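The next block is entry_17.cif, given as mmCIF, C-alpha atoms.
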data_start
#
loop_
_atom_site.label_atom_id
_atom_site.label_comp_id
_atom_site.auth_asym_id
_atom_site.auth_seq_id
_atom_site.Cartn_x
_atom_site.Cartn_y
_atom_site.Cartn_z
CA MET A 1 -23.98 14.33 69.08
CA ILE A 2 -23.69 11.99 66.09
CA HIS A 3 -26.76 10.01 65.06
CA PHE A 4 -26.23 6.99 62.85
CA PRO A 5 -28.77 5.60 60.38
CA ALA A 6 -31.76 4.03 62.06
CA GLN A 7 -31.63 0.27 62.47
CA ARG A 8 -34.52 -2.07 62.00
CA ARG A 9 -34.77 -2.80 65.71
CA GLY A 10 -33.55 -0.25 68.20
CA PRO A 11 -32.52 -0.83 71.81
CA LEU A 12 -35.73 0.72 73.14
CA SER A 13 -37.77 -1.79 71.19
CA ALA A 14 -35.69 -4.67 72.57
CA LEU A 15 -36.02 -3.34 76.13
CA SER A 16 -39.78 -2.95 75.72
CA LEU A 17 -40.11 -6.56 74.61
CA ARG A 18 -38.06 -7.76 77.57
CA LEU A 19 -40.10 -5.64 79.97
CA ALA A 20 -43.32 -7.03 78.54
CA ALA A 21 -41.99 -10.58 78.91
CA ALA A 22 -40.99 -9.95 82.54
CA LEU A 23 -44.39 -8.46 83.33
CA GLY A 24 -46.09 -11.41 81.66
CA LEU A 25 -44.11 -13.83 83.83
CA VAL A 26 -45.10 -11.94 86.99
CA LEU A 27 -48.78 -12.02 86.04
CA ALA A 28 -48.61 -15.73 85.20
CA VAL A 29 -47.08 -16.53 88.59
CA VAL A 30 -49.68 -14.34 90.33
CA ALA A 31 -52.49 -16.21 88.57
CA ALA A 32 -51.01 -19.63 89.48
CA VAL A 33 -50.56 -18.69 93.15
CA TYR A 34 -53.97 -17.02 93.41
CA LEU A 35 -55.76 -20.07 92.00
CA ASP A 36 -54.06 -22.28 94.60
CA ARG A 37 -53.93 -19.68 97.40
CA ASP A 38 -55.36 -22.11 99.96
CA GLY A 39 -52.21 -24.20 99.60
CA TYR A 40 -49.98 -21.39 100.86
CA ARG A 41 -49.31 -20.45 104.48
CA ASP A 42 -48.94 -16.87 105.62
CA VAL A 43 -47.23 -15.95 108.89
CA ASN A 44 -50.37 -14.03 109.84
CA GLU A 45 -52.54 -17.12 109.20
CA ASP A 46 -55.20 -14.92 107.55
CA GLY A 47 -55.01 -16.36 104.04
CA LEU A 48 -53.64 -14.83 100.84
CA THR A 49 -55.21 -11.86 99.15
CA LEU A 50 -54.55 -10.82 95.54
CA LEU A 51 -52.00 -8.30 96.83
CA ASP A 52 -50.26 -11.08 98.78
CA CYS A 53 -50.08 -13.13 95.57
CA PHE A 54 -48.42 -10.21 93.76
CA TYR A 55 -46.03 -9.81 96.68
CA TYR A 56 -45.12 -13.51 96.67
CA ALA A 57 -44.62 -13.54 92.90
CA VAL A 58 -42.30 -10.55 92.96
CA VAL A 59 -40.12 -11.68 95.88
CA SER A 60 -39.93 -15.20 94.45
CA LEU A 61 -39.00 -14.20 90.92
CA SER A 62 -36.44 -11.69 92.16
CA THR A 63 -34.94 -14.42 94.43
CA THR A 64 -35.47 -12.22 97.49
CA GLY A 65 -37.54 -14.83 99.34
CA TYR A 66 -38.45 -13.34 102.72
CA GLY A 67 -40.13 -16.59 103.81
CA ASP A 68 -43.28 -14.99 105.24
CA ILE A 69 -45.38 -16.79 102.62
CA THR A 70 -44.55 -20.44 101.91
CA PRO A 71 -46.18 -23.24 99.91
CA ALA A 72 -47.63 -25.72 102.41
CA ALA A 73 -49.88 -28.03 100.40
CA PRO A 74 -48.39 -30.60 98.00
CA SER A 75 -50.17 -28.97 95.05
CA ALA A 76 -48.63 -25.58 95.88
CA ARG A 77 -45.17 -27.10 96.18
CA LEU A 78 -45.64 -28.91 92.87
CA VAL A 79 -46.57 -25.61 91.21
CA ASN A 80 -43.41 -24.07 92.65
CA VAL A 81 -41.25 -26.90 91.35
CA LEU A 82 -42.77 -27.14 87.88
CA PHE A 83 -43.68 -23.51 87.22
CA VAL A 84 -42.43 -20.87 89.67
CA THR A 85 -38.80 -22.07 89.70
CA PRO A 86 -38.46 -22.17 85.88
CA ALA A 87 -40.18 -18.80 85.75
CA ARG A 88 -37.61 -17.49 88.25
CA VAL A 89 -34.76 -18.68 86.01
CA ILE A 90 -36.37 -17.12 82.92
CA PHE A 91 -36.92 -13.87 84.85
CA LEU A 92 -33.22 -13.72 85.77
CA ILE A 93 -32.25 -14.43 82.16
CA ILE A 94 -34.44 -11.51 81.05
CA LEU A 95 -32.80 -9.19 83.58
CA VAL A 96 -29.27 -10.25 82.65
CA GLY A 97 -30.14 -10.18 78.96
CA THR A 98 -31.46 -6.65 79.28
CA THR A 99 -28.23 -5.49 80.90
CA LEU A 100 -26.19 -7.22 78.21
CA GLU A 101 -28.39 -5.68 75.53
CA VAL A 102 -27.70 -2.17 76.83
CA LEU A 103 -23.97 -2.79 77.19
CA THR A 104 -23.77 -4.42 73.75
CA GLU A 105 -25.62 -1.53 72.13
CA GLN A 106 -23.30 0.99 73.77
CA TYR A 107 -20.27 -0.99 72.59
CA ARG A 108 -21.69 -1.32 69.06
CA THR A 109 -22.42 2.41 68.89
CA GLY A 110 -18.92 3.21 70.08
CA ARG A 111 -17.44 0.91 67.44
CA ARG A 112 -19.57 2.46 64.69
CA LEU A 113 -18.55 5.95 65.80
CA SER A 114 -14.85 5.05 65.86
CA ARG A 115 -15.05 3.32 62.47
CA TRP A 116 -16.95 6.26 60.95
CA ARG A 117 -14.43 8.79 62.21
CA ARG A 118 -11.57 6.83 60.67
CA SER A 119 -13.23 6.35 57.29
CA VAL A 120 -15.12 9.61 56.67
CA LYS A 121 -13.44 11.50 53.83
CA ASP A 122 -14.45 13.26 50.61
CA HIS A 123 -18.00 13.42 51.90
CA VAL A 124 -20.72 16.01 51.39
CA ILE A 125 -22.06 17.93 54.37
CA ILE A 126 -25.68 19.10 54.20
CA CYS A 127 -26.33 21.98 56.59
CA GLY A 128 -30.08 21.87 57.13
CA TYR A 129 -32.45 19.01 56.38
CA GLY A 130 -35.55 20.92 55.41
CA THR A 131 -37.16 20.93 51.97
CA LYS A 132 -33.99 22.21 50.27
CA GLY A 133 -31.72 19.87 52.16
CA ARG A 134 -33.81 16.79 51.40
CA SER A 135 -33.98 17.75 47.72
CA ALA A 136 -30.19 18.18 47.64
CA VAL A 137 -29.72 14.73 49.18
CA SER A 138 -32.08 13.21 46.62
CA ALA A 139 -30.12 14.81 43.78
CA LEU A 140 -26.82 13.53 45.19
CA LEU A 141 -28.16 10.00 45.50
CA GLU A 142 -29.56 10.12 41.97
CA ASN A 143 -26.10 11.06 40.70
CA GLY A 144 -24.60 7.97 42.30
CA LEU A 145 -23.21 9.30 45.58
CA ASP A 146 -23.26 6.68 48.32
CA ARG A 147 -25.36 7.41 51.40
CA SER A 148 -22.36 6.81 53.64
CA ARG A 149 -20.68 9.87 52.08
CA ILE A 150 -23.48 12.24 53.09
CA VAL A 151 -23.49 13.87 56.53
CA VAL A 152 -26.43 15.99 57.70
CA VAL A 153 -26.03 18.78 60.25
CA GLU A 154 -29.34 19.73 61.82
CA ARG A 155 -30.75 21.05 65.10
CA SER A 156 -34.35 19.88 64.80
CA PRO A 157 -35.00 16.48 66.45
CA THR A 158 -37.71 15.74 63.89
CA ALA A 159 -35.37 16.45 60.97
CA LEU A 160 -32.65 14.35 62.62
CA ARG A 161 -35.02 11.37 62.85
CA GLN A 162 -35.97 11.83 59.19
CA ALA A 163 -32.32 11.90 58.18
CA THR A 164 -31.37 8.76 60.12
CA SER A 165 -34.50 7.00 58.86
CA ALA A 166 -33.29 7.78 55.33
CA GLY A 167 -30.03 5.97 56.09
CA LEU A 168 -27.89 9.07 56.63
CA VAL A 169 -25.43 10.00 59.35
CA ALA A 170 -26.71 13.09 61.14
CA ILE A 171 -24.98 15.40 63.60
CA GLU A 172 -27.12 17.29 66.08
CA GLY A 173 -26.25 20.96 66.45
CA SER A 174 -26.03 24.28 64.66
CA ALA A 175 -23.81 24.46 61.56
CA THR A 176 -22.80 27.97 62.63
CA ARG A 177 -20.73 26.45 65.46
CA SER A 178 -17.16 25.41 64.71
CA SER A 179 -17.31 22.43 67.08
CA VAL A 180 -20.25 20.93 65.20
CA LEU A 181 -18.56 21.31 61.81
CA ILE A 182 -15.33 19.87 63.19
CA GLU A 183 -17.31 16.87 64.43
CA ALA A 184 -18.61 16.52 60.86
CA HIS A 185 -14.96 16.44 59.67
CA VAL A 186 -15.46 19.49 57.50
CA LYS A 187 -11.73 19.70 56.71
CA ASN A 188 -11.89 16.32 54.97
CA ALA A 189 -15.16 17.08 53.17
CA LYS A 190 -15.52 17.35 49.43
CA SER A 191 -18.15 20.07 49.60
CA VAL A 192 -20.60 21.74 51.95
CA ILE A 193 -24.18 22.46 50.92
CA ILE A 194 -25.82 25.21 52.97
CA ALA A 195 -29.60 24.77 52.98
CA THR A 196 -30.63 26.64 56.12
CA ASP A 197 -33.95 28.40 56.57
CA SER A 198 -32.53 31.92 56.86
CA ASP A 199 -30.01 33.94 54.87
CA ASP A 200 -28.36 35.18 58.06
CA ALA A 201 -27.61 31.64 59.15
CA SER A 202 -26.32 30.78 55.67
CA VAL A 203 -23.80 33.65 55.83
CA LEU A 204 -22.58 32.56 59.27
CA VAL A 205 -22.21 28.95 58.13
CA ALA A 206 -20.26 30.00 55.03
CA LEU A 207 -17.92 32.16 57.14
CA THR A 208 -17.37 29.34 59.62
CA VAL A 209 -16.67 26.77 56.91
CA ARG A 210 -14.24 29.10 55.14
CA GLN A 211 -12.41 29.80 58.38
CA LEU A 212 -12.08 26.10 59.23
CA THR A 213 -11.07 24.93 55.76
CA ALA A 214 -9.12 27.94 54.48
CA GLY A 215 -11.26 27.92 51.37
CA GLN A 216 -10.18 24.41 50.35
CA VAL A 217 -13.71 22.94 50.52
CA ARG A 218 -16.30 23.90 47.94
CA ILE A 219 -19.29 25.72 49.43
CA ILE A 220 -22.70 25.77 47.73
CA ALA A 221 -25.39 27.87 49.38
CA ALA A 222 -29.03 28.74 48.83
CA VAL A 223 -30.47 32.13 49.76
CA ARG A 224 -33.99 33.50 49.67
CA GLU A 225 -33.20 37.05 48.58
CA ALA A 226 -31.01 37.99 45.60
CA GLU A 227 -29.50 40.95 47.49
CA ASN A 228 -27.86 38.51 49.92
CA ALA A 229 -26.11 36.50 47.19
CA PRO A 230 -23.07 38.84 46.90
CA LEU A 231 -22.69 38.78 50.68
CA LEU A 232 -22.62 35.00 50.66
CA LYS A 233 -20.00 34.94 47.92
CA GLN A 234 -17.88 37.36 49.92
CA SER A 235 -18.33 35.01 52.90
CA GLY A 236 -16.72 32.18 50.96
CA ALA A 237 -19.50 30.48 48.99
CA HIS A 238 -18.36 29.29 45.57
CA HIS A 239 -21.88 28.93 44.20
CA VAL A 240 -25.03 30.72 45.37
CA ILE A 241 -28.53 29.74 44.30
CA VAL A 242 -31.25 32.35 44.81
CA SER A 243 -34.38 30.34 45.52
CA SER A 244 -36.84 33.24 45.36
CA ALA A 245 -35.44 34.53 42.05
CA THR A 246 -35.48 31.03 40.56
CA ALA A 247 -39.08 30.50 41.66
CA GLY A 248 -40.02 33.91 40.25
CA ARG A 249 -38.49 33.11 36.86
CA LEU A 250 -40.36 29.83 36.74
CA LEU A 251 -43.59 31.64 37.57
CA GLY A 252 -42.91 34.10 34.78
CA LEU A 253 -42.19 31.30 32.32
CA SER A 254 -45.41 29.54 33.26
CA THR A 255 -47.32 32.67 32.20
CA SER A 256 -45.42 33.77 29.08
CA ALA A 257 -44.28 30.37 27.78
CA PRO A 258 -46.18 27.54 29.53
CA PRO A 259 -44.47 24.67 27.64
CA LEU A 260 -41.05 25.81 28.90
CA ILE A 261 -42.06 25.32 32.52
CA ASP A 262 -43.00 21.72 31.68
CA VAL A 263 -39.56 21.16 30.18
CA VAL A 264 -37.84 22.66 33.25
CA GLU A 265 -39.93 20.53 35.61
CA ASP A 266 -39.11 17.45 33.55
CA LEU A 267 -35.40 18.20 33.78
CA LEU A 268 -35.54 18.76 37.53
CA THR A 269 -37.89 15.89 38.42
CA PRO A 270 -36.18 12.49 38.59
CA GLY A 271 -37.62 9.61 36.62
CA GLN A 272 -39.96 11.73 34.50
CA GLY A 273 -38.20 11.64 31.11
CA MET A 274 -35.25 14.03 30.79
CA ALA A 275 -32.52 14.85 33.26
CA LEU A 276 -29.37 16.97 33.28
CA ALA A 277 -26.17 14.98 33.68
CA MET A 278 -22.43 15.48 33.37
CA ARG A 279 -19.74 13.06 32.27
CA SER A 280 -16.10 13.11 31.19
CA ALA A 281 -15.34 13.38 27.50
CA GLU A 282 -14.24 10.08 26.00
CA ARG A 283 -10.99 9.80 24.07
CA SER A 284 -12.87 9.19 20.83
CA GLU A 285 -14.84 12.42 21.33
CA VAL A 286 -11.80 14.71 21.73
CA GLY A 287 -11.45 17.00 18.70
CA ARG A 288 -15.05 16.59 17.62
CA SER A 289 -17.86 19.11 17.85
CA PRO A 290 -20.27 18.58 20.75
CA ARG A 291 -23.15 18.91 18.29
CA GLU A 292 -21.98 15.81 16.43
CA LEU A 293 -22.39 13.49 19.39
CA ASP A 294 -25.35 11.17 19.82
CA SER A 295 -26.15 12.61 23.26
CA LEU A 296 -27.59 16.12 23.47
CA VAL A 297 -24.70 18.20 24.83
CA ILE A 298 -25.69 21.69 25.98
CA ALA A 299 -22.43 22.93 27.53
CA LEU A 300 -18.83 22.06 28.36
CA VAL A 301 -17.01 22.42 31.66
CA ARG A 302 -13.36 23.21 30.98
CA ARG A 303 -10.94 23.73 33.85
CA GLY A 304 -13.80 24.49 36.20
CA LYS A 305 -15.51 27.04 33.94
CA VAL A 306 -18.68 26.59 31.90
CA VAL A 307 -18.21 26.97 28.14
CA THR A 308 -21.38 27.30 26.07
CA LEU A 309 -21.64 25.85 22.59
CA SER A 310 -22.17 29.32 21.13
CA ASP A 311 -18.64 30.31 22.21
CA ARG A 312 -15.75 29.63 19.84
CA ALA A 313 -14.02 27.71 22.61
CA GLY A 314 -16.99 25.35 22.80
CA ALA A 315 -16.87 24.36 19.14
CA VAL A 316 -14.41 21.52 19.77
CA ILE A 317 -14.10 19.09 22.68
CA GLU A 318 -10.70 19.12 24.38
CA THR A 319 -8.99 16.60 26.61
CA GLY A 320 -10.26 16.86 30.20
CA ASP A 321 -13.58 18.47 29.27
CA MET A 322 -16.75 17.56 31.11
CA LEU A 323 -19.87 17.28 28.96
CA VAL A 324 -23.16 18.64 30.30
CA HIS A 325 -25.87 16.75 28.48
CA VAL A 326 -29.53 15.76 28.66
CA ARG A 327 -30.04 12.06 29.26
CA ASP A 328 -33.06 9.80 29.24
CA ASP A 329 -34.20 9.42 32.84
CA ARG A 330 -37.24 7.26 32.30
CA PRO A 331 -37.41 4.02 34.34
CA GLN A 332 -36.05 1.06 32.44
CA GLN A 333 -38.82 -1.40 31.67
CA ALA A 334 -38.11 -5.08 31.44
CA ASN A 335 -38.72 -6.57 28.03
CA THR A 336 -41.76 -8.79 28.09
CA PRO A 337 -41.93 -11.81 25.82
CA GLY A 338 -44.18 -11.31 22.84
#
Please express what this file holds, its structure, as structure tokens.
Amino acid sequence: MIHFPAQRRGPLSALSLRLAAALGLVLAVVAAVYLDRDGYRDVNEDGLTLLDCFYYAVVSLSTTGYGDITPAAPSARLVNVLFVTPARVIFLIILVGTTLEVLTEQYRTGRRLSRWRRSVKDHVIICGYGTKGRSAVSALLENGLDRSRIVVVERSPTALRQATSAGLVAIEGSATRSSVLIEAHVKNAKSVIIATDSDDASVLVALTVRQLTAGQVRIIAAVREAENAPLLKQSGAHHVIVSSATAGRLLGLSTSAPPLIDVVEDLLTPGQGMALAMRSAERSEVGRSPRELDSLVIALVRRGKVVTLSDRAGAVIETGDMLVHVRDDRPQQANTPG
């Protein structure tokens, strides 16, 4: 099942408001009839109780009108003309409006689903919307990827609600199932990020994605244990990030070289000061040394491979190179008049 980004006002909210309005109308009619109950005639000639007033209000507003309770006094008939009849019309409008609301919402959802299926292409699929998945989405958005090009695959209802609340399209189901990935249009995807909670599931997802895409879609996966990284690469993952090993290295750095951990956190935390970024080499930069540029370049990406500046190949920028650099990520402050 595909879940689209949450809207400001959902159909359940609209139905609840209509139900409350209908109930309010019923109570208002009950109060009006009960206050003037002596002006009504019952077939049993025993007067109207509060239950009889509820009964009269319901059958009147629903246009059933059994006729066993009728307004006899002029005041009761005036109340029916000036209040009960308009309330009956409003009650019918609420009922019809509720039906139209449901039908309209179903039609709108169907249109959104059809339009999404036609337009989804070159998107990024996030398998798992836990801590790792949410962090991956944040990084993608910070790098300029539009929310409409991110699709989340998740089984947890809570995680699905979080994803749609964040403005993302989410597909309910396990990423290990081919049908779920096909529904996510994995064949048209740009890449698949595997951020599941277990290494076993990550391997199954990687195998399924590779089988469906014939290795044409880039797969990036995270694993907990380093010993599972080779297995994931054999399963089709192009890049594998070992979360436990990375966390262990950071813990070691925090003990042996505390300032380094601050630098790493600064690079990985958006809006703090420094951030890693990648851009295409400009024509004026081709043939120059990366060290001569104004921006701090730390590596080159040439034909899909990383070239460090210490290598001879990294001494000069070539056409088509991507520059990995450190940019200023501090929030831009508006200049205040002096």
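Every protein, DNA or RNA residue with an atom at most 10 Å from Arg210 of chain A, where all atoms listed in the file count and chain neighbours fewer than 4 positions away do not, is listed here: Val186, Lys187, Leu204, Val205, Ala206, Ala214, Gly215, Gln216, Val217, Arg218, Ile219, Ser235, Gly236 and Ala237 of chain A.
With only C-alpha atoms as the atoms that count, the residue of A:Val26, A:Val324, A:Ile150, A:Val297 with the shortest distance to Ile125 of chain A is A:Ile150.
Of the residues under consideration (A:Ser202, A:Thr196, A:Phe91, A:Leu113), A:Leu113 shows the shortest atom-to-atom contact distance to Ala170 of chain A when counting all atoms listed in the file.
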- Query: Which value, in Å to one decimal, gives the distance between atom CA of Ala221 of chain A and atom CA of His238 of chain A?
  - Reply: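 Atom CA of Ala221 of chain A sits 8.1 Å away from atom CA of His238 of chain A.
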- Item | Given only C-alpha atoms as the counted atoms, nearest of A:Val203, A:Ala21, A:Leu27, A:Val306 to Lys233 of chain A |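 Once distances to Lys233 of chain A are computed over only C-alpha atoms, the minimum belongs to A:Val203.
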- Excluding same-chain residues fewer than 5 positions from Leu51 of chain A, what lies within 10 Å of it counting only C-alpha atoms, as a PyMOL selection string? chain A and resi 30+34+56-57
- Task: Can you pull out every residue within 10 Å of Ser289 of chain A, counting all atoms listed in the file, but drop anything in the same chain fewer than 5 positions away, and send it as an NGL selection string?
- Result: :A and (297 or 309 or 314-318)
Same residues, C-alpha atoms, saved as a compact mmCIF listing (two decimals), in the coordinates of the input:
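The resulting result04.txt:
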# COMPACT_ATOMS: atom_id res chain seq x y z
CA VAL A 297 -24.70 18.20 24.83
CA LEU A 309 -21.64 25.85 22.59
CA GLY A 314 -16.99 25.35 22.80
CA ALA A 315 -16.87 24.36 19.14
CA VAL A 316 -14.41 21.52 19.77
CA ILE A 317 -14.10 19.09 22.68
CA GLU A 318 -10.70 19.12 24.38
When the PyMOL selection byres ((chain A and resi 35) around 12) is applied to the file above, which residues end up in the set, as a PDB file with C-alpha atoms, keeping the file's coordinate frame?
ATOM      1  CA  ALA A  28     -48.610 -15.730  85.200  1.00  0.00           C
ATOM      2  CA  VAL A  29     -47.080 -16.530  88.590  1.00  0.00           C
ATOM      3  CA  VAL A  30     -49.680 -14.340  90.330  1.00  0.00           C
ATOM      4  CA  ALA A  31     -52.490 -16.210  88.570  1.00  0.00           C
ATOM      5  CA  ALA A  32     -51.010 -19.630  89.480  1.00  0.00           C
ATOM      6  CA  VAL A  33     -50.560 -18.690  93.150  1.00  0.00           C
ATOM      7  CA  TYR A  34     -53.970 -17.020  93.410  1.00  0.00           C
ATOM      8  CA  ASP A  36     -54.060 -22.280  94.600  1.00  0.00           C
ATOM      9  CA  ARG A  37     -53.930 -19.680  97.400  1.00  0.00           C
ATOM     10  CA  ASP A  38     -55.360 -22.110  99.960  1.00  0.00           C
ATOM     11  CA  GLY A  39     -52.210 -24.200  99.600  1.00  0.00           C
ATOM     12  CA  TYR A  40     -49.980 -21.390 100.860  1.00  0.00           C
ATOM     13  CA  LEU A  48     -53.640 -14.830 100.840  1.00  0.00           C
ATOM     14  CA  THR A  49     -55.210 -11.860  99.150  1.00  0.00           C
ATOM     15  CA  LEU A  50     -54.550 -10.820  95.540  1.00  0.00           C
ATOM     16  CA  CYS A  53     -50.080 -13.130  95.570  1.00  0.00           C
ATOM     17  CA  SER A  75     -50.170 -28.970  95.050  1.00  0.00           C
ATOM     18  CA  ALA A  76     -48.630 -25.580  95.880  1.00  0.00           C
ATOM     19  CA  VAL A  79     -46.570 -25.610  91.210  1.00  0.00           C
TER      20      VAL A  79
END
- For Val43 of chain A, the nearest of the candidates A:Ile93, A:Ala72, A:Ala22, A:Ile194, counting all atoms listed in the file: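 Among A:Ile93, A:Ala72, A:Ala22, A:Ile194, it is A:Ala72 that comes nearest to Val43 of chain A.
Of the listed residues A:Asn44, A:Thr85, A:Ser243, A:Thr158, the one whose atoms come nearest to Leu25 of chain A is A:Thr85, with distances taken using only C-alpha atoms.
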Completion step: segment 224-240 of chain A with N, CA, C and O atoms as a tab-separated table (two decimals), in the coordinates of the input:
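Result file is out.tsv:
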chain	number	residue	atom	x	y	z
A	224	ARG	N	-32.63	33.14	50.06
A	224	ARG	CA	-33.99	33.50	49.67
A	224	ARG	C	-34.00	34.77	48.83
A	224	ARG	O	-34.72	34.87	47.84
A	225	GLU	N	-33.19	35.75	49.23
A	225	GLU	CA	-33.20	37.05	48.58
A	225	GLU	C	-31.95	37.24	47.73
A	225	GLU	O	-30.84	36.91	48.16
A	226	ALA	N	-32.13	37.79	46.53
A	226	ALA	CA	-31.01	37.99	45.60
A	226	ALA	C	-29.98	38.98	46.16
A	226	ALA	O	-28.79	38.86	45.87
A	227	GLU	N	-30.43	39.95	46.97
A	227	GLU	CA	-29.50	40.95	47.49
A	227	GLU	C	-28.49	40.36	48.46
A	227	GLU	O	-27.45	40.96	48.73
A	228	ASN	N	-28.79	39.15	48.99
A	228	ASN	CA	-27.86	38.51	49.92
A	228	ASN	C	-26.85	37.60	49.21
A	228	ASN	O	-25.93	37.10	49.85
A	229	ALA	N	-27.02	37.38	47.92
A	229	ALA	CA	-26.11	36.50	47.19
A	229	ALA	C	-24.68	37.04	47.17
A	229	ALA	O	-23.73	36.28	47.43
A	230	PRO	N	-24.45	38.33	46.87
A	230	PRO	CA	-23.07	38.84	46.90
A	230	PRO	C	-22.42	38.71	48.27
A	230	PRO	O	-21.22	38.44	48.38
A	231	LEU	N	-23.23	38.90	49.33
A	231	LEU	CA	-22.69	38.78	50.68
A	231	LEU	C	-22.23	37.35	50.96
A	231	LEU	O	-21.18	37.12	51.58
A	232	LEU	N	-23.00	36.39	50.46
A	232	LEU	CA	-22.62	35.00	50.66
A	232	LEU	C	-21.35	34.65	49.89
A	232	LEU	O	-20.49	33.92	50.38
A	233	LYS	N	-21.23	35.19	48.69
A	233	LYS	CA	-20.00	34.94	47.92
A	233	LYS	C	-18.79	35.55	48.60
A	233	LYS	O	-17.71	34.97	48.61
A	234	GLN	N	-18.97	36.73	49.18
A	234	GLN	CA	-17.88	37.36	49.92
A	234	GLN	C	-17.55	36.55	51.19
A	234	GLN	O	-16.42	36.58	51.67
A	235	SER	N	-18.55	35.82	51.69
A	235	SER	CA	-18.33	35.01	52.90
A	235	SER	C	-17.62	33.71	52.60
A	235	SER	O	-17.26	32.98	53.53
A	236	GLY	N	-17.46	33.38	51.31
A	236	GLY	CA	-16.72	32.18	50.96
A	236	GLY	C	-17.46	31.18	50.11
A	236	GLY	O	-16.89	30.14	49.74
A	237	ALA	N	-18.75	31.43	49.81
A	237	ALA	CA	-19.50	30.48	48.99
A	237	ALA	C	-19.03	30.53	47.54
A	237	ALA	O	-18.88	31.60	46.96
A	238	HIS	N	-18.78	29.36	46.96
A	238	HIS	CA	-18.36	29.29	45.57
A	238	HIS	C	-19.54	29.41	44.62
A	238	HIS	O	-19.40	29.96	43.52
A	239	HIS	N	-20.67	28.86	45.01
A	239	HIS	CA	-21.88	28.93	44.20
A	239	HIS	C	-23.04	29.33	45.10
A	239	HIS	O	-23.18	28.81	46.22
A	240	VAL	N	-23.86	30.26	44.61
A	240	VAL	CA	-25.03	30.72	45.37
A	240	VAL	C	-26.26	30.59	44.49
A	240	VAL	O	-26.29	31.07	43.35
